Amino acid sequence: MEYLSLKHFHMTCAGLSGFLFALRGIWMLRASPLLRQRWVRIAPHVIDTLLLASAIGLSAWSGMRPGQQPWLTAKVVALVAYIALGTIALKRGRTRGQRAAAFCAALAVFAYIVAVAVTRNPLPS
């Protein structure tokens with residue numbers, strides 16, 4: 001697989017991951033029974049695994065490493081925050097208010113990650 005194909009695959013996985021997170025968050029806020037469907041519990045893990053694998057592949061292919069590239073470091077740190085907020089939003093939040101706040105914050109962090117990826121700047125404008 002050539003670099004550009006891997007990059008597009010990574011971007012597609014990122015888009016699918018963000019879309020499914022937003023959809024699951026909306027369903028969570030509405031207390032929808034759709035959240036209990038089997039595919040809704042499995043697909044995000046598959047997509048996120050492919051997203052992470054393609055990120056590692058891109059890093060290896062390009063020779064860029066977090067710590068060497070400030071924008072890439074910012075993405076990794078933001079990813080950890082996104083995962084933590086996402087688990088609070090979809091699983092660990094004790095009240096609907098906590099879940100809603102974590103959901104909104106996670107969406108903001110996701111938008112930041114995309115902006116950093118597009119601009120290659122840890123402080124995108």
# chains A, B, ... in the order shown; residues from 1 in each chain; ligands from 1
$ residues_around --residues "Ala31 of chain A" --least-positions-apart "3" --cutoff "12 Å" --atoms "only C-alpha atoms" --output "list in words"
Arg24, Gly25, Ile26, Trp27, Met28, Leu34, Leu35, Arg36, Leu90, Arg96, Arg99 and Ala100 of chain A
$ residues_around --residues "Ser54 of chain A" --least-positions-apart "6" --cutoff "10 Å" --atoms "only C-alpha atoms" --output "ChimeraX atom specification"
/A:6-11,13,48,60
$ write_last_selection --atoms "N, CA and C atoms" --output "PDB file, in the first residue's frame"
ATOM      1  N   LEU A   6      -2.604   4.900   2.189  1.00  0.00           N
ATOM      2  CA  LEU A   6      -2.674   4.691   3.635  1.00  0.00           C
ATOM      3  C   LEU A   6      -3.190   5.951   4.333  1.00  0.00           C
ATOM      4  N   LYS A   7      -2.745   7.111   3.875  1.00  0.00           N
ATOM      5  CA  LYS A   7      -3.205   8.376   4.449  1.00  0.00           C
ATOM      6  C   LYS A   7      -4.715   8.533   4.238  1.00  0.00           C
ATOM      7  N   HIS A   8      -5.200   8.241   3.042  1.00  0.00           N
ATOM      8  CA  HIS A   8      -6.641   8.342   2.772  1.00  0.00           C
ATOM      9  C   HIS A   8      -7.434   7.324   3.591  1.00  0.00           C
ATOM     10  N   PHE A   9      -6.883   6.138   3.736  1.00  0.00           N
ATOM     11  CA  PHE A   9      -7.531   5.128   4.575  1.00  0.00           C
ATOM     12  C   PHE A   9      -7.621   5.629   6.018  1.00  0.00           C
ATOM     13  N   HIS A  10      -6.533   6.215   6.509  1.00  0.00           N
ATOM     14  CA  HIS A  10      -6.498   6.766   7.865  1.00  0.00           C
ATOM     15  C   HIS A  10      -7.552   7.877   8.013  1.00  0.00           C
ATOM     16  N   MET A  11      -7.627   8.760   7.042  1.00  0.00           N
ATOM     17  CA  MET A  11      -8.606   9.856   7.104  1.00  0.00           C
ATOM     18  C   MET A  11     -10.041   9.308   7.060  1.00  0.00           C
ATOM     19  N   CYS A  13     -11.017   6.335   8.159  1.00  0.00           N
ATOM     20  CA  CYS A  13     -11.257   5.745   9.480  1.00  0.00           C
ATOM     21  C   CYS A  13     -11.520   6.828  10.519  1.00  0.00           C
ATOM     22  N   ASP A  48     -11.616   1.935  15.172  1.00  0.00           N
ATOM     23  CA  ASP A  48     -10.554   2.594  15.939  1.00  0.00           C
ATOM     24  C   ASP A  48      -9.251   1.801  15.909  1.00  0.00           C
ATOM     25  N   ALA A  60       5.555   5.200  10.750  1.00  0.00           N
ATOM     26  CA  ALA A  60       6.714   4.388  10.354  1.00  0.00           C
ATOM     27  C   ALA A  60       7.160   4.742   8.937  1.00  0.00           C
TER      28      ALA A  60
END
$ residues_around --residues "segment 62-67 of chain A" --least-positions-apart "6" --cutoff "10 Å" --atoms "only C-alpha atoms" --output "NGL selection string"
:A and (3 or 56 or 73-77)
$ closest_residue --among "A:Phe103, A:Trp71, A:Phe21, A:Trp61" --to "Arg41 of chain A" --atoms "only C-alpha atoms"
A:Phe21
$ closest_residue --among "A:Leu58, A:Leu79, A:Ala14, A:Ala101" --to "Val46 of chain A" --atoms "only C-alpha atoms"
A:Ala14
$ residues_around --residues "Pro44 of chain A" --least-positions-apart "6" --cutoff "12 Å" --atoms "only C-alpha atoms" --output "list in words"
Cys13, Ala14, Gly15, Leu16, Ser17, Gly18, Phe19, Leu20, Phe21, Ala22, Leu23, Arg24, Leu35, Arg38, Leu50, Leu51, Leu52 and Gly86 of chain A
$ atom_distance --atom1 "atom CA of Val118 of chain A" --atom2 "atom CA of Ile88 of chain A"
27.0 Å
$ atom_distance --atom1 "atom CA of Val80 of chain A" --atom2 "atom CA of Phe110 of chain A"
10.7 Å
